[in-house]
>>> print(open('start-v5.tsv').read())   # TSV, C-alpha atoms
chain	number	residue	atom	x	y	z
W	1	MET	CA	0.00	0.00	0.00
W	2	ARG	CA	1.15	3.56	-0.58
W	3	HIS	CA	-0.41	5.36	2.33
W	4	ARG	CA	1.04	8.85	2.94
W	5	LYS	CA	3.33	8.61	-0.10
W	6	VAL	CA	2.01	11.79	-1.64
W	7	THR	CA	3.93	13.39	-4.50
W	8	LYS	CA	3.03	15.46	-7.51
W	9	LYS	CA	3.05	13.19	-10.55
W	10	LEU	CA	3.21	15.97	-13.17
W	11	GLY	CA	1.87	13.58	-15.79
W	12	ARG	CA	5.22	11.77	-16.09
W	13	ASN	CA	6.67	8.46	-15.11
W	14	THR	CA	9.15	8.26	-12.21
W	15	SER	CA	12.40	8.59	-14.14
W	16	HIS	CA	11.12	11.42	-16.31
W	17	ARG	CA	9.77	13.28	-13.28
W	18	ARG	CA	13.05	12.85	-11.41
W	19	ALA	CA	15.08	14.10	-14.39
W	20	LEU	CA	12.74	17.08	-14.83
W	21	LEU	CA	13.02	18.11	-11.18
W	22	ARG	CA	16.81	17.67	-11.15
W	23	ASN	CA	17.13	19.86	-14.24
W	24	LEU	CA	14.81	22.53	-12.79
W	25	VAL	CA	16.67	22.63	-9.47
W	26	THR	CA	20.05	22.85	-11.21
W	27	SER	CA	18.82	25.63	-13.48
W	28	LEU	CA	17.33	27.56	-10.58
W	29	ILE	CA	20.60	27.44	-8.65
W	30	MET	CA	22.55	28.60	-11.70
W	31	GLU	CA	20.13	31.25	-12.99
W	32	GLU	CA	18.48	32.46	-9.73
W	33	ARG	CA	15.07	32.73	-11.47
W	34	LEU	CA	12.99	30.46	-13.74
W	35	GLU	CA	9.72	30.73	-15.58
W	36	THR	CA	7.64	27.56	-15.31
W	37	THR	CA	4.16	26.29	-14.47
W	38	PRO	CA	2.76	26.47	-10.93
W	39	ALA	CA	2.63	22.69	-10.53
W	40	LYS	CA	6.31	22.29	-11.45
W	41	ALA	CA	7.30	25.19	-9.21
W	42	LYS	CA	5.45	23.74	-6.23
W	43	ALA	CA	6.87	20.27	-6.91
W	44	MET	CA	10.46	21.51	-7.08
W	45	ARG	CA	10.28	23.70	-3.96
W	46	PRO	CA	11.11	20.94	-1.41
W	47	HIS	CA	14.04	19.77	-3.53
W	48	VAL	CA	15.56	23.26	-3.75
W	49	GLU	CA	15.10	23.80	-0.03
W	50	LYS	CA	16.84	20.50	0.69
W	51	MET	CA	19.76	21.47	-1.57
W	52	ILE	CA	20.14	24.84	0.15
W	53	THR	CA	20.05	23.14	3.55
W	54	LEU	CA	22.83	20.82	2.37
W	55	GLY	CA	24.75	23.87	1.18
W	56	LYS	CA	24.40	25.46	4.61
W	57	ARG	CA	25.80	22.33	6.24
W	58	GLY	CA	28.87	22.67	4.07
W	59	ASP	CA	30.67	19.42	4.91
W	60	VAL	CA	32.03	16.86	2.46
W	61	ALA	CA	29.08	14.48	2.90
W	62	ALA	CA	26.63	17.27	2.09
W	63	ARG	CA	28.67	18.25	-0.97
W	64	ARG	CA	28.58	14.65	-2.20
W	65	LEU	CA	24.84	14.38	-1.65
W	66	ALA	CA	24.27	17.63	-3.55
W	67	GLY	CA	26.62	16.45	-6.30
W	68	SER	CA	24.63	13.25	-6.69
W	69	TYR	CA	21.43	15.25	-7.23
W	70	LEU	CA	22.52	18.34	-9.16
W	71	MET	CA	23.46	17.97	-12.81
W	72	THR	CA	26.71	19.97	-13.04
W	73	ARG	CA	29.77	20.60	-10.91
W	74	GLU	CA	29.37	24.34	-11.44
W	75	SER	CA	25.95	24.25	-9.82
W	76	VAL	CA	27.34	22.40	-6.79
W	77	SER	CA	30.13	24.92	-6.32
W	78	ARG	CA	27.72	27.83	-6.81
W	79	LEU	CA	25.32	26.30	-4.27
W	80	PHE	CA	27.99	25.96	-1.60
W	81	ASP	CA	29.92	29.16	-2.34
W	82	SER	CA	27.30	31.83	-2.97
W	83	VAL	CA	23.71	30.62	-2.63
W	84	ALA	CA	23.95	28.87	0.76
W	85	ARG	CA	25.93	31.75	2.31
W	86	ARG	CA	23.11	34.12	1.48
W	87	PHE	CA	20.70	32.09	3.64
W	88	GLY	CA	23.02	31.36	6.56
W	89	ASP	CA	20.71	32.79	9.24
W	90	ARG	CA	17.43	31.76	7.64
W	91	ASN	CA	15.53	28.56	8.56
W	92	GLY	CA	13.67	27.74	5.36
W	93	GLY	CA	11.52	29.75	3.01
W	94	TYR	CA	14.27	30.35	0.48
W	95	LEU	CA	12.01	30.67	-2.57
W	96	ARG	CA	9.42	33.07	-3.92
W	97	ILE	CA	6.75	32.10	-6.46
W	98	ILE	CA	5.33	35.03	-8.44
W	99	HIS	CA	2.34	34.48	-10.71
W	100	LYS	CA	3.09	35.85	-14.17
W	101	GLY	CA	0.08	35.18	-16.36
W	102	TRP	CA	-0.88	32.75	-19.08
W	103	ARG	CA	1.22	31.29	-21.85
W	104	LYS	CA	0.24	32.39	-25.33
W	105	GLY	CA	0.37	28.97	-27.03
W	106	ASP	CA	-1.67	26.74	-24.74
W	107	GLY	CA	-3.05	29.12	-22.13
W	108	ALA	CA	-1.22	27.43	-19.27
W	109	ALA	CA	-0.62	29.50	-16.16
W	110	THR	CA	3.01	30.53	-15.72
W	111	VAL	CA	4.96	31.64	-12.66
W	112	TYR	CA	8.40	32.92	-11.83
W	113	ILE	CA	10.18	30.94	-9.15
W	114	GLU	CA	13.21	32.69	-7.71
W	115	LEU	CA	15.58	32.58	-4.80
W	116	LEU	CA	15.08	35.32	-2.25
W	117	GLY	CA	17.62	38.10	-2.61
W	118	SER	CA	18.14	37.38	-6.30
W	119	GLU	CA	16.98	40.85	-7.33
W	120	LYS	CA	20.52	42.21	-7.23
W	121	VAL	CA	21.90	39.35	-9.28
W	122	ILE	CA	19.11	39.60	-11.86
W	123	GLU	CA	19.58	43.39	-12.16
W	124	ALA	CA	23.32	42.93	-12.66
W	125	LYS	CA	22.68	40.36	-15.40
W	126	ARG	CA	20.13	42.65	-17.03
W	127	ALA	CA	22.55	45.60	-17.00
W	128	LYS	CA	25.34	43.46	-18.44
W	129	ARG	CA	23.04	42.20	-21.21
W	130	ALA	CA	22.00	45.76	-22.06
W	131	GLU	CA	25.65	46.82	-22.22
W	132	VAL	CA	26.54	43.93	-24.54
W	133	ARG	CA	23.48	44.68	-26.69
W	134	THR	CA	24.41	48.35	-27.15
W	135	LYS	CA	28.00	47.39	-27.93
W	136	ARG	CA	26.84	44.90	-30.57
W	137	GLN	CA	24.46	47.45	-32.11
W	138	GLU	CA	27.29	49.98	-32.32
W	139	GLU	CA	29.52	47.43	-34.09
W	140	VAL	CA	26.76	46.58	-36.58
W	141	ARG	CA	26.16	50.28	-37.26
W	142	LYS	CA	29.88	50.85	-37.94
W	143	GLN	CA	30.01	47.85	-40.29
W	144	MET	CA	26.99	49.12	-42.23
W	145	GLU	CA	28.56	52.57	-42.59
W	146	GLU	CA	31.81	51.04	-43.84
W	147	GLN	CA	29.92	48.90	-46.35
W	148	GLN	CA	28.00	51.92	-47.62
W	149	GLN	CA	31.21	53.92	-47.98
W	150	ALA	CA	32.89	51.02	-49.81
W	151	ALA	CA	29.90	50.68	-52.13
W	152	ALA	CA	29.91	54.43	-52.82
W	153	ALA	CA	33.66	54.36	-53.56
W	154	GLU	CA	33.18	51.35	-55.88
W	155	THR	CA	30.52	52.99	-58.01
W	156	GLY	CA	32.58	56.16	-58.36
W	157	PRO	CA	31.40	59.63	-59.35
W	158	ASP	CA	31.03	58.77	-63.07
W	159	ASP	CA	28.52	55.98	-62.38
W	160	GLU	CA	26.39	58.28	-60.21
W	161	GLU	CA	26.08	60.82	-63.04
W	162	LYS	CA	24.88	58.14	-65.51
W	163	LYS	CA	22.09	57.14	-63.19
>>> encode(input="start-v5.tsv", output="structure tokens")
Amino acid sequence: MRHRKVTKKLGRNTSHRRALLRNLVTSLIMEERLETTPAKAKAMRPHVEKMITLGKRGDVAARRLAGSYLMTRESVSRLFDSVARRFGDRNGGYLRIIHKGWRKGDGAATVYIELLGSEKVIEAKRAKRAEVRTKRQEEVRKQMEEQQQAAAAETGPDDEEKK
């Protein structure tokens, strides 16, 4: 019998559900914020909280347990070095779920799930992206000007008069 063995099934078999949750937890630790459905966010919350608790413990056994669950070594090091330190004095409640709206394609409800205190990190990423974007736009503009000048020099003044 499976009394008191309650878990969200998410419409997947066991191995698929486990892989999905491991990927979501790893991505959340690396990115600080994810956009997903409410059911997935609520299902992954206990797993993220367990990983952060392991990170707060900080010993070798906890690092090995986190390494066996998380998908990449970078996520393990990030969990123990930066994420767990942020929640050193906090006893749970490390996540925030913000309702976003509905997805355009299928009308599914979507939410943001994020680590508390991630606003600074997200703003820094946003500013860096904006800086890279403006730099790239400036490079493209310079290339277009050079191409136009080269094309004007190629046609020459005699060709412009004929036209």
>>> closest_residue(input="start-v5.tsv", among="W:Pro38, W:Gly93, W:Gly107, W:Gly101", to="Lys50 (chain W)", atoms="all atoms listed in the file")
W:Gly93
>>> residues_around(input="start-v5.tsv", residues="Ala66 (chain W)", least_positions_apart="3", cutoff="8 Å", atoms="all atoms listed in the file", output="ChimeraX atom specification")
/W:51,54-55,62-63,69-70,76
>>> closest_residue(input="start-v5.tsv", among="W:Glu35, W:Arg64, W:Leu24, W:Arg90", to="Leu116 (chain W)", atoms="all atoms listed in the file")
W:Arg90
>>> closest_residue(input="start-v5.tsv", among="W:Asn13, W:Ser77, W:Thr7, W:Gln148", to="Ala43 (chain W)", atoms="only C-alpha atoms")
W:Thr7
>>> residues_around(input="start-v5.tsv", residues="Thr37 (chain W)", least_positions_apart="6", cutoff="9 Å", atoms="all atoms listed in the file", output="PyMOL selection string")
chain W and resi 108-112
>>> closest_residue(input="start-v5.tsv", among="W:Asn23, W:Arg96, W:Pro46, W:Ile52", to="Ile113 (chain W)", atoms="only C-alpha atoms")
W:Arg96
>>> atom_distance(input="start-v5.tsv", atom1="CA of Thr26 (chain W)", atom2="CA of Gly67 (chain W)")
10.4 Å
>>> residues_around(input="start-v5.tsv", residues="region 118-133 of chain W", least_positions_apart="5", cutoff="9 Å", atoms="all atoms listed in the file", output="list in words")
Glu31, Glu32, Arg33 and Glu138 of chain W
>>> atom_distance(input="start-v5.tsv", atom1="CA of Gly11 (chain W)", atom2="CA of Glu49 (chain W)")
23.0 Å
>>> closest_residue(input="start-v5.tsv", among="W:Leu65, W:Ile97, W:Ala19, W:Ala84", to="Ala39 (chain W)", atoms="only C-alpha atoms")
W:Ile97
>>> atom_distance(input="start-v5.tsv", atom1="CA of His99 (chain W)", atom2="CA of Lys56 (chain W)")
28.3 Å
>>> closest_residue(input="start-v5.tsv", among="W:Phe80, W:Leu20, W:Arg73, W:Thr36", to="Val60 (chain W)", atoms="only C-alpha atoms")
W:Phe80
>>> decode(input="start-v5.tsv", residues="region 134-154 of chain W", atoms="N, CA, C and O atoms", output="PDB file, in the first residue's frame")
ATOM      1  N   THR W 134      24.071  47.050 -26.566  1.00  0.00           N
ATOM      2  CA  THR W 134      24.413  48.347 -27.152  1.00  0.00           C
ATOM      3  C   THR W 134      25.759  48.294 -27.857  1.00  0.00           C
ATOM      4  O   THR W 134      25.932  48.893 -28.920  1.00  0.00           O
ATOM      5  N   LYS W 135      26.688  47.547 -27.301  1.00  0.00           N
ATOM      6  CA  LYS W 135      28.002  47.390 -27.933  1.00  0.00           C
ATOM      7  C   LYS W 135      27.862  46.698 -29.288  1.00  0.00           C
ATOM      8  O   LYS W 135      28.457  47.109 -30.285  1.00  0.00           O
ATOM      9  N   ARG W 136      27.051  45.641 -29.328  1.00  0.00           N
ATOM     10  CA  ARG W 136      26.836  44.898 -30.567  1.00  0.00           C
ATOM     11  C   ARG W 136      26.141  45.777 -31.608  1.00  0.00           C
ATOM     12  O   ARG W 136      26.485  45.758 -32.797  1.00  0.00           O
ATOM     13  N   GLN W 137      25.160  46.556 -31.188  1.00  0.00           N
ATOM     14  CA  GLN W 137      24.464  47.453 -32.109  1.00  0.00           C
ATOM     15  C   GLN W 137      25.415  48.494 -32.682  1.00  0.00           C
ATOM     16  O   GLN W 137      25.335  48.834 -33.862  1.00  0.00           O
ATOM     17  N   GLU W 138      26.307  48.992 -31.857  1.00  0.00           N
ATOM     18  CA  GLU W 138      27.292  49.976 -32.316  1.00  0.00           C
ATOM     19  C   GLU W 138      28.226  49.362 -33.356  1.00  0.00           C
ATOM     20  O   GLU W 138      28.535  49.981 -34.377  1.00  0.00           O
ATOM     21  N   GLU W 139      28.653  48.121 -33.119  1.00  0.00           N
ATOM     22  CA  GLU W 139      29.519  47.430 -34.085  1.00  0.00           C
ATOM     23  C   GLU W 139      28.797  47.218 -35.415  1.00  0.00           C
ATOM     24  O   GLU W 139      29.370  47.415 -36.480  1.00  0.00           O
ATOM     25  N   VAL W 140      27.536  46.812 -35.361  1.00  0.00           N
ATOM     26  CA  VAL W 140      26.756  46.585 -36.578  1.00  0.00           C
ATOM     27  C   VAL W 140      26.585  47.891 -37.340  1.00  0.00           C
ATOM     28  O   VAL W 140      26.705  47.937 -38.578  1.00  0.00           O
ATOM     29  N   ARG W 141      26.320  48.978 -36.619  1.00  0.00           N
ATOM     30  CA  ARG W 141      26.161  50.281 -37.263  1.00  0.00           C
ATOM     31  C   ARG W 141      27.448  50.712 -37.967  1.00  0.00           C
ATOM     32  O   ARG W 141      27.413  51.173 -39.114  1.00  0.00           O
ATOM     33  N   LYS W 142      28.590  50.498 -37.322  1.00  0.00           N
ATOM     34  CA  LYS W 142      29.876  50.850 -37.935  1.00  0.00           C
ATOM     35  C   LYS W 142      30.128  50.009 -39.189  1.00  0.00           C
ATOM     36  O   LYS W 142      30.600  50.516 -40.207  1.00  0.00           O
ATOM     37  N   GLN W 143      29.818  48.721 -39.126  1.00  0.00           N
ATOM     38  CA  GLN W 143      30.008  47.850 -40.291  1.00  0.00           C
ATOM     39  C   GLN W 143      29.133  48.296 -41.448  1.00  0.00           C
ATOM     40  O   GLN W 143      29.574  48.312 -42.594  1.00  0.00           O
ATOM     41  N   MET W 144      27.893  48.682 -41.172  1.00  0.00           N
ATOM     42  CA  MET W 144      26.992  49.124 -42.234  1.00  0.00           C
ATOM     43  C   MET W 144      27.502  50.413 -42.862  1.00  0.00           C
ATOM     44  O   MET W 144      27.456  50.568 -44.088  1.00  0.00           O
ATOM     45  N   GLU W 145      28.008  51.334 -42.052  1.00  0.00           N
ATOM     46  CA  GLU W 145      28.557  52.574 -42.592  1.00  0.00           C
ATOM     47  C   GLU W 145      29.769  52.305 -43.478  1.00  0.00           C
ATOM     48  O   GLU W 145      29.916  52.895 -44.550  1.00  0.00           O
ATOM     49  N   GLU W 146      30.633  51.393 -43.039  1.00  0.00           N
ATOM     50  CA  GLU W 146      31.808  51.037 -43.835  1.00  0.00           C
ATOM     51  C   GLU W 146      31.403  50.403 -45.161  1.00  0.00           C
ATOM     52  O   GLU W 146      31.985  50.693 -46.203  1.00  0.00           O
ATOM     53  N   GLN W 147      30.395  49.528 -45.121  1.00  0.00           N
ATOM     54  CA  GLN W 147      29.919  48.897 -46.352  1.00  0.00           C
ATOM     55  C   GLN W 147      29.322  49.924 -47.304  1.00  0.00           C
ATOM     56  O   GLN W 147      29.532  49.861 -48.518  1.00  0.00           O
ATOM     57  N   GLN W 148      28.587  50.882 -46.771  1.00  0.00           N
ATOM     58  CA  GLN W 148      28.004  51.924 -47.616  1.00  0.00           C
ATOM     59  C   GLN W 148      29.089  52.802 -48.230  1.00  0.00           C
ATOM     60  O   GLN W 148      29.016  53.158 -49.408  1.00  0.00           O
ATOM     61  N   GLN W 149      30.115  53.121 -47.449  1.00  0.00           N
ATOM     62  CA  GLN W 149      31.215  53.919 -47.981  1.00  0.00           C
ATOM     63  C   GLN W 149      31.978  53.146 -49.049  1.00  0.00           C
ATOM     64  O   GLN W 149      32.375  53.707 -50.067  1.00  0.00           O
ATOM     65  N   ALA W 150      32.189  51.847 -48.823  1.00  0.00           N
ATOM     66  CA  ALA W 150      32.889  51.024 -49.811  1.00  0.00           C
ATOM     67  C   ALA W 150      32.061  50.919 -51.092  1.00  0.00           C
ATOM     68  O   ALA W 150      32.609  50.977 -52.198  1.00  0.00           O
ATOM     69  N   ALA W 151      30.757  50.772 -50.943  1.00  0.00           N
ATOM     70  CA  ALA W 151      29.897  50.682 -52.125  1.00  0.00           C
ATOM     71  C   ALA W 151      29.886  52.013 -52.878  1.00  0.00           C
ATOM     72  O   ALA W 151      29.901  52.029 -54.118  1.00  0.00           O
ATOM     73  N   ALA W 152      29.893  53.123 -52.175  1.00  0.00           N
ATOM     74  CA  ALA W 152      29.912  54.434 -52.821  1.00  0.00           C
ATOM     75  C   ALA W 152      31.242  54.665 -53.530  1.00  0.00           C
ATOM     76  O   ALA W 152      31.288  55.230 -54.626  1.00  0.00           O
ATOM     77  N   ALA W 153      32.340  54.205 -52.936  1.00  0.00           N
ATOM     78  CA  ALA W 153      33.657  54.361 -53.559  1.00  0.00           C
ATOM     79  C   ALA W 153      33.779  53.457 -54.790  1.00  0.00           C
ATOM     80  O   ALA W 153      34.450  53.793 -55.766  1.00  0.00           O
ATOM     81  N   GLU W 154      33.146  52.298 -54.753  1.00  0.00           N
ATOM     82  CA  GLU W 154      33.182  51.355 -55.880  1.00  0.00           C
ATOM     83  C   GLU W 154      32.457  51.905 -57.096  1.00  0.00           C
ATOM     84  O   GLU W 154      32.926  51.779 -58.220  1.00  0.00           O
TER      85      GLU W 154
END
